[in-house]
Amino acid sequence: MNPILECRALGKSYSGKDALCDVNLTVNRGRIVGLLGPNGSGKSTLIKLANGLITPTKGEILINGQQPGTETKKIVSYLPERTYLSDWMRVKDIIELFTDFYENFNPKKAYDMLQKLNINADDRLKTMSKGTKEKVQLILVMSREADLYLLDEPIGGVDPAARDYIINTIITNYNENATVLISTHLIADVEQVLDDVIIISNGCITMKGSVDELRTQYGKSIDAIFREVFRC
Amino acid sequence: MLGKLLKYEWKATSRVFLPFYGAILLFAIVNRFFFMLNQGNTEKGGLLAIPSGLAMMVYVLAIAATFILTFVVMIQRYYKNLLGDEGYLMFTLPVTPQQNIVAKLLMSVAWEVISFLVVILSLFAMLAQADFFEKFNQLITAFYNWSVPFDKNVFIAWMVASVFVSLFSSILYIYASISIGQLFTRHKLIASFGAFIALNFVSQLVSSIIVAIIYVINPNGINIDESQLTTGLMSLFFGSILLLNILFGIGYYIISNVILNKKLNLE
């Protein structure tokens with residue numbers, strides 16, 4: 001089986017400035033991968049390229065061996081960093097939308113999670129706090145039975161208790177052959193669930209490997225390695 | 001998939017339009033009510049002058065607002081929903097950019113037509129008297145009695161076709177301008193305006209070249225006396241303009257399609 005995500009000499013620049021330079025990457029199935037890096041390092045750019053929301057300036061990115069398109073969008077579940085749903089919609093309207101468009105969306109799972117988090121499906125998004133909106137978006141993403149989950153800063157805007165719930169949801173709700181790519185700078189919170197780590201800085205991959213290997217090699221936690229490498 | 005997109009497009013836009021349509025129809029009926037009340041009243045002024053004047057004003061404003069709204073919503077759906085934050089949803093759904101463009105196009109055309117029909121309906125509700133159909137028949141008879149050498153039914157057909165093609169073409173023209181604006185990292189709005197003007201210039205240029213060619217071929221150009229305008233000539237004239245408009249429309253569609261397929265860069 002081919003790797004779920006592959007980047008070959010991938011580059012993206014905006015008006016002469018490089019957001020991503022010559023990225024070569026292979027991500028295999030069934031792994032939980034952390035995409036770690038300071039702000040502006042190119043994490044979101046890489047994820048947006050994988051979703052076909054922006055186009056590469058150089059090289060290529062492949063999902064399941066294909067370029068981003070209708071077929072890859074069926075198997076990729078994406079959580080953007082921003083609110084991307086229409087404010088006037090009610091949660092149940094959005095669940096209906098996802099059920100309509102995605103064959104692998106499981107509405108029952110979504111309603112279960114909403115209930116556990118005490119979110120009312122009749123509420124309109126515009127009446128919700130930012131944290132609640134983010135939870136709703138995460139629930140929608142995790143209720144899909146996708147091959148690749150791309151989560152851009154899933155725990156950034158929520159309180160510590162919700163963070164634990166979210167991380168727990170991520171690891172218990174995806175299927176074993178699926179890959180979860182989590183982009184974040186809250187490393188300490190996610191470190192214990194990660195299999196692999198990709199560290200990116202200024203658009204270039206500076207470090208990659210399995211968490212165990214790196215911990216053994218450097219004798220410290222990933223969080224500590226990160227702090228050292230990116231000391232201001 | 002296109003059907004599903006249309007369904008959500010309807011849901012998102014109908015909530016804006018239906019209240020305005022309601023207001024138009026309501027005030028048309030209110031105006032009719034005032035007309036009935038004023039019927040016996042020949043003196044100017046009086047108790048009802050201000051409310052009935054206001055009601056008429058609100059009615060007219062509601063109609064004007066609706067046409068502006070139709071235009072603004074058409075642009076907003078493309079600029080904000082497709083290419084703004086909500087684009088993160090639209091472009092990660094398993095649909096092609098073509099389907100997204102066509103869904104927005106069809107819904108925009110539909111609203112233009114529906115808005116027009118609602119206004120006609122409201123005028124009817126406001127003004128129709130018992131002798132309305134009689135007067136309408138008189139109008140139609142007069143039209144058909146107008147002596148011109150061309151077939152009037154063909155003329156009407158060309159008129160209707162022209163209106164429809166213009167609807168599609170003008171919307172696609174705006175979509176193309178917005179899409180070209182997307183190619184720029186900064187100042188997207190200004191770039192869209194620039195593209196709007198540039199595309200207008202190009203289409204005028206093409207039209208002028210074609211007219212110039214016609215004059216070269218036939219020094220009399222396209223000046224024809226009404227009495228000589230046969231159905232064949234009329235069809236040639238309208239048909240050519242229609243064809244040109246269709247080609248422009250296709251061109252604008254291709255511009256948007258290529259840009260959204262190959263050069264998408266959502267912020």
# chains A, B, ... in the order shown; residues from 1 in each chain; ligands from 1

call {"tool": "interface_residues", "arguments": {"of": "chain B", "to": "chain A", "cutoff": "9 Å", "atoms": "only C-alpha atoms", "output": "ChimeraX atom specification"}}
result
/B:1,4-5,8,12,81,84-89,91-96,185,262-267

call {"tool": "residues_around", "arguments": {"residues": "Ala176 (chain B)", "least_positions_apart": "2", "cutoff": "9 Å", "atoms": "only C-alpha atoms", "output": "list in words"}}
result
Ile171, Leu172, Tyr173, Ile174, Ile178, Ser179, Ile180, Gly181, Ser192, Ala195, Phe196, Leu199, Gly251, Tyr252, Tyr253, Ile254, Ile255, Ser256, Asn257 and Ile259 of chain B

call {"tool": "closest_residue", "arguments": {"among": "A:Thr179, A:Asn106, A:Asn168, A:Asn28", "to": "Glu145 (chain A)", "atoms": "only C-alpha atoms"}}
result
A:Asn106

call {"tool": "residues_around", "arguments": {"residues": "Met142 (chain A)", "least_positions_apart": "3", "cutoff": "12 Å", "atoms": "only C-alpha atoms", "output": "PyMOL selection string"}}
result
chain A and resi 76-79+98+104-114+135-139+145-151+154+166-175+178+180

call {"tool": "residues_around", "arguments": {"residues": "Phe238 (chain B)", "least_positions_apart": "5", "cutoff": "12 Å", "atoms": "only C-alpha atoms", "output": "mmCIF file with N, CA and C atoms, in the first residue's frame"}}
result
data_model
loop_
_atom_site.group_PDB
_atom_site.id
_atom_site.type_symbol
_atom_site.label_atom_id
_atom_site.label_comp_id
_atom_site.auth_asym_id
_atom_site.auth_seq_id
_atom_site.Cartn_x
_atom_site.Cartn_y
_atom_site.Cartn_z
ATOM 1 N N VAL B 154 -40.995 35.452 -33.712
ATOM 2 C CA VAL B 154 -39.555 35.193 -33.763
ATOM 3 C C VAL B 154 -38.821 36.286 -33.004
ATOM 4 N N PHE B 155 -39.310 37.520 -33.190
ATOM 5 C CA PHE B 155 -38.709 38.657 -32.501
ATOM 6 C C PHE B 155 -38.754 38.458 -30.987
ATOM 7 N N ILE B 156 -39.937 38.080 -30.490
ATOM 8 C CA ILE B 156 -40.085 37.856 -29.049
ATOM 9 C C ILE B 156 -39.155 36.748 -28.581
ATOM 10 N N ALA B 157 -39.063 35.690 -29.370
ATOM 11 C CA ALA B 157 -38.172 34.582 -29.008
ATOM 12 C C ALA B 157 -36.735 35.063 -28.873
ATOM 13 N N TRP B 158 -36.276 35.864 -29.841
ATOM 14 C CA TRP B 158 -34.919 36.386 -29.773
ATOM 15 C C TRP B 158 -34.731 37.264 -28.539
ATOM 16 N N MET B 159 -35.744 38.072 -28.223
ATOM 17 C CA MET B 159 -35.648 38.958 -27.061
ATOM 18 C C MET B 159 -35.476 38.153 -25.780
ATOM 19 N N VAL B 160 -36.320 37.135 -25.638
ATOM 20 C CA VAL B 160 -36.251 36.312 -24.425
ATOM 21 C C VAL B 160 -34.898 35.612 -24.326
ATOM 22 N N ALA B 161 -34.451 35.053 -25.472
ATOM 23 C CA ALA B 161 -33.153 34.374 -25.476
ATOM 24 C C ALA B 161 -32.045 35.345 -25.094
ATOM 25 N N SER B 162 -32.105 36.576 -25.633
ATOM 26 C CA SER B 162 -31.071 37.566 -25.322
ATOM 27 C C SER B 162 -31.022 37.868 -23.839
ATOM 28 N N VAL B 163 -32.189 38.022 -23.243
ATOM 29 C CA VAL B 163 -32.231 38.336 -21.813
ATOM 30 C C VAL B 163 -31.588 37.217 -21.001
ATOM 31 N N VAL B 165 -29.410 34.907 -21.998
ATOM 32 C CA VAL B 165 -27.969 34.820 -22.217
ATOM 33 C C VAL B 165 -27.257 35.943 -21.480
ATOM 34 N N LEU B 229 -36.620 45.311 -42.943
ATOM 35 C CA LEU B 229 -36.120 44.335 -41.979
ATOM 36 C C LEU B 229 -36.950 43.058 -42.023
ATOM 37 N N THR B 231 -37.626 38.911 -41.539
ATOM 38 C CA THR B 231 -37.362 38.004 -40.423
ATOM 39 C C THR B 231 -35.948 37.443 -40.514
ATOM 40 N N GLY B 232 -35.555 37.115 -41.744
ATOM 41 C CA GLY B 232 -34.222 36.543 -41.939
ATOM 42 C C GLY B 232 -33.138 37.487 -41.478
ATOM 43 N N LEU B 233 -33.249 38.762 -41.898
ATOM 44 C CA LEU B 233 -32.242 39.752 -41.523
ATOM 45 C C LEU B 233 -32.237 39.983 -40.023
ATOM 46 N N LEU B 243 -24.874 35.072 -30.345
ATOM 47 C CA LEU B 243 -23.739 34.169 -30.440
ATOM 48 C C LEU B 243 -22.507 34.796 -29.789
ATOM 49 N N LEU B 244 -22.314 36.071 -30.082
ATOM 50 C CA LEU B 244 -21.163 36.775 -29.509
ATOM 51 C C LEU B 244 -21.238 36.755 -27.980
ATOM 52 N N ASN B 245 -22.431 37.049 -27.468
ATOM 53 C CA ASN B 245 -22.619 37.033 -26.010
ATOM 54 C C ASN B 245 -22.354 35.666 -25.413
#

call {"tool": "residues_around", "arguments": {"residues": "Leu37 (chain B)", "least_positions_apart": "4", "cutoff": "10 Å", "atoms": "only C-alpha atoms", "output": "count of residues only"}}
result
6

call {"tool": "residues_around", "arguments": {"residues": "region 185-189 of chain A", "least_positions_apart": "5", "cutoff": "10 Å", "atoms": "only C-alpha atoms", "output": "number ranges by chain"}}
result
A: 34-39, 153-156, 160, 163-164, 167, 194, 221-224, 226-227

call {"tool": "residues_around", "arguments": {"residues": "Ala121 (chain A)", "least_positions_apart": "5", "cutoff": "7 Å", "atoms": "only C-alpha atoms", "output": "NGL selection string"}}
result
:A and (90-92)

call {"tool": "select_by_dssp", "arguments": {"residues": "region 31-255 of chain B", "states": "helix (DSSP H, G or I)", "output": "MDAnalysis selection string"}}
result
chainID B and resid 31:38 49:82 87:90 97:127 132:145 152:182 188:217 226:228 231:255

call {"tool": "atom_distance", "arguments": {"atom1": "CA of Gly22 (chain B)", "atom2": "CA of Asp122 (chain A)"}}
result
25.7 Å
